[in-house]
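**Q** So that you have it, the file is structure.csv, and it contains CSV, C-alpha atoms:
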chain,number,residue,atom,x,y,z
P,1,MET,CA,7.1,-4.2,-12.8
P,2,TYR,CA,4.0,-4.6,-15.0
P,3,SER,CA,5.6,-7.6,-16.7
P,4,LEU,CA,6.4,-9.1,-13.3
P,5,LEU,CA,2.8,-8.7,-12.1
P,6,GLN,CA,1.4,-10.2,-15.2
P,7,ALA,CA,3.5,-13.3,-14.6
P,8,CYS,CA,2.0,-13.7,-11.1
P,9,THR,CA,0.7,-17.2,-10.6
P,10,GLY,CA,-1.8,-16.3,-7.9
P,11,PRO,CA,-5.2,-18.0,-8.4
P,12,GLU,CA,-8.1,-16.0,-9.9
P,13,VAL,CA,-11.0,-15.1,-7.6
P,14,ASP,CA,-13.3,-17.9,-8.9
P,15,GLU,CA,-10.5,-20.4,-8.4
P,16,GLU,CA,-9.9,-19.2,-4.8
P,17,ILE,CA,-13.6,-19.7,-4.0
P,18,THR,CA,-13.4,-23.2,-5.4
P,19,LEU,CA,-10.2,-23.9,-3.4
P,20,ALA,CA,-11.8,-22.7,-0.2
P,21,HIS,CA,-14.6,-25.3,-0.8
P,22,GLU,CA,-17.2,-22.6,-0.8
P,23,LEU,CA,-20.2,-22.0,-3.0
P,24,HIS,CA,-20.1,-19.7,-6.0
P,25,GLU,CA,-22.9,-17.1,-6.3
P,26,GLY,CA,-26.1,-18.6,-7.5
P,27,GLU,CA,-24.8,-22.2,-7.3
P,28,ALA,CA,-26.3,-24.9,-5.0
P,29,ILE,CA,-23.3,-27.3,-4.8
P,30,PRO,CA,-19.6,-26.7,-4.6
P,31,ARG,CA,-17.5,-27.0,-7.7
P,32,PRO,CA,-14.9,-29.8,-7.9
P,33,CYS,CA,-11.7,-28.9,-6.1
P,34,THR,CA,-8.7,-28.7,-8.4
P,35,ARG,CA,-6.3,-29.8,-5.6
P,36,CYS,CA,-8.0,-32.6,-3.8
P,37,SER,CA,-10.9,-35.1,-4.2
P,38,PHE,CA,-13.5,-32.8,-2.8
P,39,ALA,CA,-16.8,-32.5,-4.7
P,40,ARG,CA,-15.6,-34.6,-7.7
P,41,ASN,CA,-18.9,-36.4,-7.7
P,42,PRO,CA,-21.9,-34.0,-8.1
P,43,MET,CA,-24.2,-36.5,-6.3
P,44,THR,CA,-22.2,-36.3,-3.1
P,45,ALA,CA,-20.7,-32.8,-3.3
P,46,ALA,CA,-23.3,-31.2,-1.0
P,47,ALA,CA,-22.9,-33.9,1.6
P,48,GLU,CA,-19.1,-33.6,1.5
P,49,ARG,CA,-19.4,-29.8,2.1
P,50,VAL,CA,-21.7,-30.4,5.1
P,51,ALA,CA,-19.2,-32.9,6.6
P,52,GLU,CA,-16.3,-30.5,6.1
P,53,ILE,CA,-18.2,-27.6,7.7
P,54,LYS,CA,-19.0,-29.8,10.7
P,55,LEU,CA,-15.3,-30.8,11.0
P,56,ARG,CA,-14.1,-27.1,10.7
P,57,GLU,CA,-16.7,-25.9,13.3
P,58,ALA,CA,-15.7,-28.7,15.7
P,59,LEU,CA,-12.1,-27.7,15.5
P,60,GLN,CA,-13.0,-24.0,16.0
P,61,ALA,CA,-15.1,-24.8,19.0
P,62,ASP,CA,-12.1,-25.8,21.1
P,63,THR,CA,-10.8,-22.4,22.2
P,64,SER,CA,-8.1,-23.8,24.5
P,65,LYS,CA,-4.5,-23.0,23.6
P,66,ALA,CA,-4.0,-26.5,22.3
P,67,GLY,CA,-7.3,-26.4,20.5
P,68,ARG,CA,-6.5,-23.2,18.7
P,69,ALA,CA,-3.1,-24.6,17.8
P,70,LYS,CA,-4.7,-27.7,16.4
P,71,TYR,CA,-7.1,-25.7,14.3
P,72,ALA,CA,-4.4,-23.4,13.0
P,73,LYS,CA,-2.3,-26.4,12.0
P,74,TRP,CA,-5.2,-28.0,10.2
P,75,GLN,CA,-5.9,-24.8,8.2
P,76,LEU,CA,-2.2,-24.4,7.4
P,77,ASP,CA,-1.7,-28.0,6.2
P,78,ARG,CA,-4.8,-27.7,4.1
P,79,ALA,CA,-3.8,-24.3,2.7
P,80,LYS,CA,-0.4,-25.7,1.6
P,81,ALA,CA,-2.2,-28.2,-0.5
P,82,HIS,CA,-4.6,-25.6,-1.9
P,83,ARG,CA,-2.3,-22.8,-3.2
P,84,MET,CA,-2.3,-21.2,0.3
P,85,VAL,CA,-6.1,-20.8,0.3
P,86,LYS,CA,-7.7,-21.6,3.7
P,87,CYS,CA,-11.0,-23.5,4.1
P,88,GLY,CA,-14.3,-21.7,4.8
P,89,PRO,CA,-16.0,-18.4,4.2
P,90,SER,CA,-13.3,-16.4,6.0
P,91,ALA,CA,-11.1,-17.1,3.0
P,92,VAL,CA,-13.7,-15.9,0.6
P,93,SER,CA,-15.1,-12.7,2.0
P,94,LEU,CA,-12.2,-10.5,0.7
P,95,PHE,CA,-12.1,-12.3,-2.7
P,96,ARG,CA,-15.8,-11.4,-3.3
P,97,VAL,CA,-15.1,-7.8,-2.4
P,98,ALA,CA,-12.1,-7.5,-4.6
P,99,ARG,CA,-13.4,-9.5,-7.6
P,100,ARG,CA,-10.1,-9.2,-9.3
P,101,ARG,CA,-6.6,-10.5,-9.2
P,102,LYS,CA,-4.4,-9.9,-6.2
P,103,HIS,CA,-2.4,-7.8,-8.6
P,104,LEU,CA,-4.4,-4.9,-7.2
P,105,CYS,CA,-2.5,-5.1,-3.9
P,106,HIS,CA,0.9,-5.3,-5.7
P,107,LEU,CA,0.0,-2.4,-8.0
P,108,HIS,CA,-1.0,-0.4,-5.0
P,109,VAL,CA,2.4,-1.0,-3.4
P,110,ALA,CA,4.3,-0.4,-6.6
P,111,LYS,CA,2.4,2.8,-7.7
P,112,LEU,CA,1.7,4.4,-4.3
P,113,ASN,CA,3.3,3.0,-1.2
P,114,LEU,CA,6.9,2.7,-2.6
P,115,PRO,CA,7.1,6.3,-3.9
P,116,LYS,CA,5.4,7.6,-0.8
P,117,THR,CA,8.4,6.7,1.4
P,118,PRO,CA,11.0,8.9,-0.4
P,119,TRP,CA,8.3,11.6,-1.0
P,120,LYS,CA,7.6,11.9,2.7
P,121,TRP,CA,11.0,11.2,4.3
P,122,GLY,CA,13.3,12.4,1.5
P,123,LEU,CA,11.4,15.5,0.3
P,124,LEU,CA,8.7,16.9,2.6
P,125,ASN,CA,10.3,16.2,5.9
P,126,ASN,CA,13.3,18.2,4.7
P,127,CYS,CA,11.2,21.1,3.6
P,128,SER,CA,10.4,24.2,5.6
P,129,ASP,CA,6.7,25.3,5.6
P,130,ASP,CA,7.6,27.8,2.9
P,131,ALA,CA,9.1,25.1,0.7
P,132,ARG,CA,6.2,22.8,1.3
P,133,GLN,CA,4.0,25.6,0.0
P,134,GLN,CA,6.2,26.0,-3.1
P,135,VAL,CA,6.0,22.3,-3.8
P,136,GLN,CA,2.2,22.4,-3.4
P,137,GLU,CA,1.9,25.4,-5.8
P,138,LYS,CA,4.1,23.6,-8.4
P,139,LEU,CA,1.9,20.5,-8.1
P,140,ALA,CA,-1.1,22.6,-8.7
P,141,GLU,CA,0.5,23.9,-11.9
P,142,PHE,CA,0.9,20.2,-12.9
P,143,GLY,CA,-2.8,19.7,-12.2
P,144,HIS,CA,-2.6,18.0,-8.9
P,145,HIS,CA,-4.1,19.7,-5.9
P,146,LEU,CA,-2.6,18.2,-2.7
P,147,ASP,CA,-2.5,19.6,0.8
P,148,LEU,CA,1.2,19.4,1.8
P,149,ARG,CA,1.0,21.3,5.1
P,150,ARG,CA,2.1,19.5,8.3
P,151,LYS,CA,-0.5,17.5,10.2
P,152,ASP,CA,-0.4,20.0,13.1
P,153,ALA,CA,-1.0,22.8,10.7
P,154,GLY,CA,-4.4,21.6,9.8
P,155,ARG,CA,-3.7,19.5,6.8
P,156,ASP,CA,-6.6,17.9,5.0
P,157,GLY,CA,-5.8,14.2,5.4
P,158,SER,CA,-7.9,13.3,2.3
P,159,LYS,CA,-5.6,15.4,0.1
P,160,LYS,CA,-2.1,14.5,1.5
P,161,TRP,CA,-1.3,11.9,-1.2
P,162,PHE,CA,-2.0,11.0,-4.8
P,163,THR,CA,-4.4,8.5,-6.1
P,164,GLY,CA,-2.8,5.8,-8.3
P,165,GLU,CA,-4.1,7.4,-11.4
P,166,ALA,CA,-2.9,10.9,-10.5
P,167,TRP,CA,0.6,9.6,-9.6
P,168,GLY,CA,0.8,7.8,-12.9
P,169,ARG,CA,-0.1,11.0,-14.8
P,170,LEU,CA,2.5,13.0,-12.8
P,171,ILE,CA,5.3,10.5,-13.6
P,172,ALA,CA,4.3,9.6,-17.1
P,173,GLY,CA,3.6,13.2,-18.1
P,174,ASP,CA,0.3,14.4,-19.4
P,175,GLY,CA,0.8,17.8,-21.0
P,176,LYS,CA,0.9,19.7,-17.7
P,177,SER,CA,3.5,17.6,-15.9
P,178,PRO,CA,6.9,17.1,-17.7
P,179,GLY,CA,6.9,13.6,-16.3
P,180,GLY,CA,9.8,11.3,-15.2
P,181,PRO,CA,13.0,12.6,-13.7
P,182,VAL,CA,12.2,16.2,-14.7
P,183,ALA,CA,9.1,16.2,-12.6
P,184,ILE,CA,10.8,14.8,-9.6
P,185,ALA,CA,13.9,17.1,-10.0
P,186,THR,CA,11.5,20.1,-10.0
P,187,PHE,CA,10.6,19.3,-6.4
P,188,LEU,CA,14.1,18.4,-5.4
P,189,VAL,CA,15.4,21.7,-6.5
P,190,ILE,CA,12.8,23.5,-4.3
P,191,MET,CA,13.9,21.4,-1.3
P,192,LEU,CA,17.7,21.9,-2.0
P,193,ASP,CA,17.3,25.7,-2.4
P,194,ASP,CA,15.3,25.8,0.8
P,195,LEU,CA,18.0,23.8,2.7
P,196,GLN,CA,20.7,26.0,1.4
P,197,ASP,CA,18.8,29.2,2.3
P,198,ARG,CA,18.5,27.9,5.9
P,199,GLY,CA,22.2,26.8,6.0
P,200,VAL,CA,21.3,23.1,6.6
P,201,ASP,CA,23.9,20.7,5.3
P,202,ALA,CA,23.4,17.6,7.5
P,203,GLY,CA,20.9,15.9,9.8
P,204,SER,CA,17.7,15.1,7.9
P,205,GLU,CA,15.7,14.4,11.0
P,206,THR,CA,16.1,18.0,12.1
P,207,ALA,CA,16.4,19.7,8.8
P,208,ALA,CA,12.9,21.0,8.6
P,209,ALA,CA,13.2,22.6,12.0
P,210,THR,CA,16.7,24.1,11.5
P,211,PRO,CA,16.5,27.9,11.2
P,212,ALA,CA,18.9,29.9,9.0
P,213,PRO,CA,22.1,30.9,10.8
P,214,ALA,CA,21.9,34.2,12.7
P,215,ALA,CA,23.7,37.2,11.2
P,216,ALA,CA,27.0,38.0,12.9
P,217,ALA,CA,26.7,40.7,15.5
P,218,PRO,CA,28.3,44.1,14.5
P,219,ALA,CA,31.7,44.6,16.0
P,220,THR,CA,31.9,47.2,18.9
P,221,ALA,CA,34.1,50.3,18.6
P,222,ALA,CA,36.4,49.1,21.4
P,223,ALA,CA,36.9,45.7,19.7
P,224,THR,CA,37.6,47.4,16.4
P,225,ALA,CA,40.2,49.7,18.0
P,226,THR,CA,41.9,46.8,19.7
P,227,ALA,CA,42.1,44.8,16.5
P,228,THR,CA,43.5,47.8,14.6
P,229,ALA,CA,46.2,48.5,17.3
P,230,THR,CA,47.2,44.8,17.2
Write out the structure in this file as structure tokens.

**A**
Amino acid sequence: MYSLLQACTGPEVDEEITLAHELHEGEAIPRPCTRCSFARNPMTAAAERVAEIKLREALQADTSKAGRAKYAKWQLDRAKAHRMVKCGPSAVSLFRVARRRKHLCHLHVAKLNLPKTPWKWGLLNNCSDDARQQVQEKLAEFGHHLDLRRKDAGRDGSKKWFTGEAWGRLIAGDGKSPGGPVAIATFLVIMLDDLQDRGVDAGSETAAATPAPAAAAPATAAATATATAT
């Protein structure tokens, strides 16, 4: 995954600002665009930017259905020629906040969102409240203090999931956590023991709410006598 992300051809933040035809911090004129003829001449760069702003604002001013469609097409056609970067400050605001490669978004998905799905739907949703508590205690032994109670049981939402750094330590192993498949298997064993204790063998959507089977009622004296006579 890391090799794949490193091979990403997405533009750097500075290049995205240039492709949006916006000003870099502390600079008075736009930098030459690497995808079109915009601002290639420093003497006319400022005037070119003013002209483009006027064109963009004129297109935005038409709020009719046809006008919005025309503006959207203009931005899309332009973005296709500029590595999918739109024109104007709206394309820059997020870049200046992030200040790093878009790899951050991909890493967030790879390290947090993807494992969160099996963790929630495959593990916790199949655990009784007691099993959730056992998983929580085992995590604490590994150095991770999460709140795995159900939402309606007063769970602290800020502690329901790992940070990227904490998840990485859990999976990689750090002296407290055994890491890798052993760490995951530890929690699966807790869940499977819990399901077995409750007599659940199917139906993941209702597993957590399925109680253990009731003990068989003791046979009555009359029924015992009838069975014996038979």

**Q** Rounded to one decimal in Å, what is the spacing between CA of Ala45 (chain P) and CA of Leu76 (chain P)?

**A** 23.0 Å

**Q** Give me, please, the distance in Å between CA of Lys73 (chain P) and CA of Ile29 (chain P), quoted to one decimal.

**A**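 One can read the CA of Lys73 (chain P) to CA of Ile29 (chain P) distance as 26.9 Å.
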
**Q** If you count only C-alpha atoms, which residues fall within 12 Å of Glu27 (chain P), apart from same-chain ones fewer than 5 positions away, as number ranges by chain?

**A** P: 17-18, 22, 46

**Q** Which polymer residues have any atom within 10 Å of an atom of Arg149 (chain P), counting all atoms listed in the file, with same-chain residues fewer than 4 positions away left out, as a list in words?

**A**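 Surrounding residues, per the criterion: Leu124, Ser128, Asp129, Asp130, Ala131, Arg132, Gln133, Gln136, Ala153, Gly154, Arg155, Asp156, Gly157 and Lys160 of chain P.
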
**Q** Considering all atoms listed in the file, return as number ranges by chain whatever protein or nucleic-acid residues lie within 8 Å of Lys159 (chain P), sequence-local ones (same chain, fewer than 3 positions apart) excluded.

**A** P: 145-147, 156, 162

**Q** Counting only C-alpha atoms, which of P:Arg40, P:Lys120, P:Thr63, P:Glu16 gets nearest to Ala79 (chain P)?

**A**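 Closest to Ala79 (chain P), using only C-alpha atoms: P:Glu16.
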
**Q** Using CA of Ile171 (chain P) and CA of Arg198 (chain P) as the two end points, give the distance in Å to one decimal.

**A**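 A separation of 29.3 Å between them.
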
**Q** So which one's closest to Leu123 (chain P), P:Ala39, P:Leu19, P:Val182, P:Leu148? Using only C-alpha atoms, please.

**A**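 Residue with the minimum atom-to-atom distance to Leu123 (chain P): P:Leu148.
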
**Q** Give the answer as one residue: which of P:Ala47, P:Cys87, P:Leu139, P:Ala20 has the shortest atom-to-atom distance to Leu170 (chain P), using all atoms listed in the file?

**A**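 Nearest candidate to Leu170 (chain P) out of P:Ala47, P:Cys87, P:Leu139, P:Ala20: P:Leu139.
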
**Q** Which residue out of P:Arg35, P:Arg56, P:Val85, P:Cys127 has the minimum interatomic distance to Asp197 (chain P) when all atoms listed in the file are used?

**A**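 Closest to Asp197 (chain P) of all the choices is P:Cys127.
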
**Q** Restricting the calculation to only C-alpha atoms, which member of P:Ser90, P:Thr163, P:Gln134, P:Gln75 is positioned closest to Pro115 (chain P)?

**A**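 The closest residue to Pro115 (chain P) is P:Thr163.
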
**Q** Could you add N, CA and C atoms to region 12-26 of chain P and give me the result as a PDB file, in the coordinates of the input?

**A**
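Saved to out34.pdb:
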ATOM      1  N   GLU P  12      -7.051 -16.950  -9.639  1.00  0.00           N
ATOM      2  CA  GLU P  12      -8.100 -16.000  -9.900  1.00  0.00           C
ATOM      3  C   GLU P  12      -9.142 -16.109  -8.742  1.00  0.00           C
ATOM      4  N   VAL P  13     -10.021 -15.105  -8.636  1.00  0.00           N
ATOM      5  CA  VAL P  13     -11.000 -15.100  -7.600  1.00  0.00           C
ATOM      6  C   VAL P  13     -11.898 -16.346  -7.624  1.00  0.00           C
ATOM      7  N   ASP P  14     -12.400 -16.707  -8.809  1.00  0.00           N
ATOM      8  CA  ASP P  14     -13.300 -17.900  -8.900  1.00  0.00           C
ATOM      9  C   ASP P  14     -12.564 -19.138  -8.446  1.00  0.00           C
ATOM     10  N   GLU P  15     -11.282 -19.260  -8.800  1.00  0.00           N
ATOM     11  CA  GLU P  15     -10.500 -20.400  -8.400  1.00  0.00           C
ATOM     12  C   GLU P  15     -10.331 -20.455  -6.876  1.00  0.00           C
ATOM     13  N   GLU P  16     -10.109 -19.281  -6.286  1.00  0.00           N
ATOM     14  CA  GLU P  16      -9.900 -19.200  -4.800  1.00  0.00           C
ATOM     15  C   GLU P  16     -11.172 -19.653  -4.095  1.00  0.00           C
ATOM     16  N   ILE P  17     -12.337 -19.277  -4.623  1.00  0.00           N
ATOM     17  CA  ILE P  17     -13.600 -19.700  -4.000  1.00  0.00           C
ATOM     18  C   ILE P  17     -13.710 -21.228  -4.072  1.00  0.00           C
ATOM     19  N   THR P  18     -13.335 -21.786  -5.212  1.00  0.00           N
ATOM     20  CA  THR P  18     -13.400 -23.200  -5.400  1.00  0.00           C
ATOM     21  C   THR P  18     -12.390 -23.918  -4.409  1.00  0.00           C
ATOM     22  N   LEU P  19     -11.186 -23.351  -4.296  1.00  0.00           N
ATOM     23  CA  LEU P  19     -10.200 -23.900  -3.400  1.00  0.00           C
ATOM     24  C   LEU P  19     -10.557 -23.808  -1.937  1.00  0.00           C
ATOM     25  N   ALA P  20     -11.378 -22.817  -1.607  1.00  0.00           N
ATOM     26  CA  ALA P  20     -11.800 -22.700  -0.200  1.00  0.00           C
ATOM     27  C   ALA P  20     -12.998 -23.609   0.080  1.00  0.00           C
ATOM     28  N   HIS P  21     -13.455 -24.347  -0.951  1.00  0.00           N
ATOM     29  CA  HIS P  21     -14.600 -25.300  -0.800  1.00  0.00           C
ATOM     30  C   HIS P  21     -15.866 -24.550  -0.468  1.00  0.00           C
ATOM     31  N   GLU P  22     -16.029 -23.358  -1.018  1.00  0.00           N
ATOM     32  CA  GLU P  22     -17.200 -22.600  -0.800  1.00  0.00           C
ATOM     33  C   GLU P  22     -18.096 -22.521  -2.022  1.00  0.00           C
ATOM     34  N   LEU P  23     -19.307 -22.026  -1.874  1.00  0.00           N
ATOM     35  CA  LEU P  23     -20.200 -22.000  -3.000  1.00  0.00           C
ATOM     36  C   LEU P  23     -20.043 -20.705  -3.807  1.00  0.00           C
ATOM     37  N   HIS P  24     -20.095 -20.846  -5.090  1.00  0.00           N
ATOM     38  CA  HIS P  24     -20.100 -19.700  -6.000  1.00  0.00           C
ATOM     39  C   HIS P  24     -21.488 -19.075  -5.976  1.00  0.00           C
ATOM     40  N   GLU P  25     -21.565 -17.804  -6.258  1.00  0.00           N
ATOM     41  CA  GLU P  25     -22.900 -17.100  -6.300  1.00  0.00           C
ATOM     42  C   GLU P  25     -23.829 -17.778  -7.216  1.00  0.00           C
ATOM     43  N   GLY P  26     -25.034 -18.050  -6.700  1.00  0.00           N
ATOM     44  CA  GLY P  26     -26.100 -18.600  -7.500  1.00  0.00           C
ATOM     45  C   GLY P  26     -25.969 -20.124  -7.759  1.00  0.00           C
TER      46      GLY P  26
END
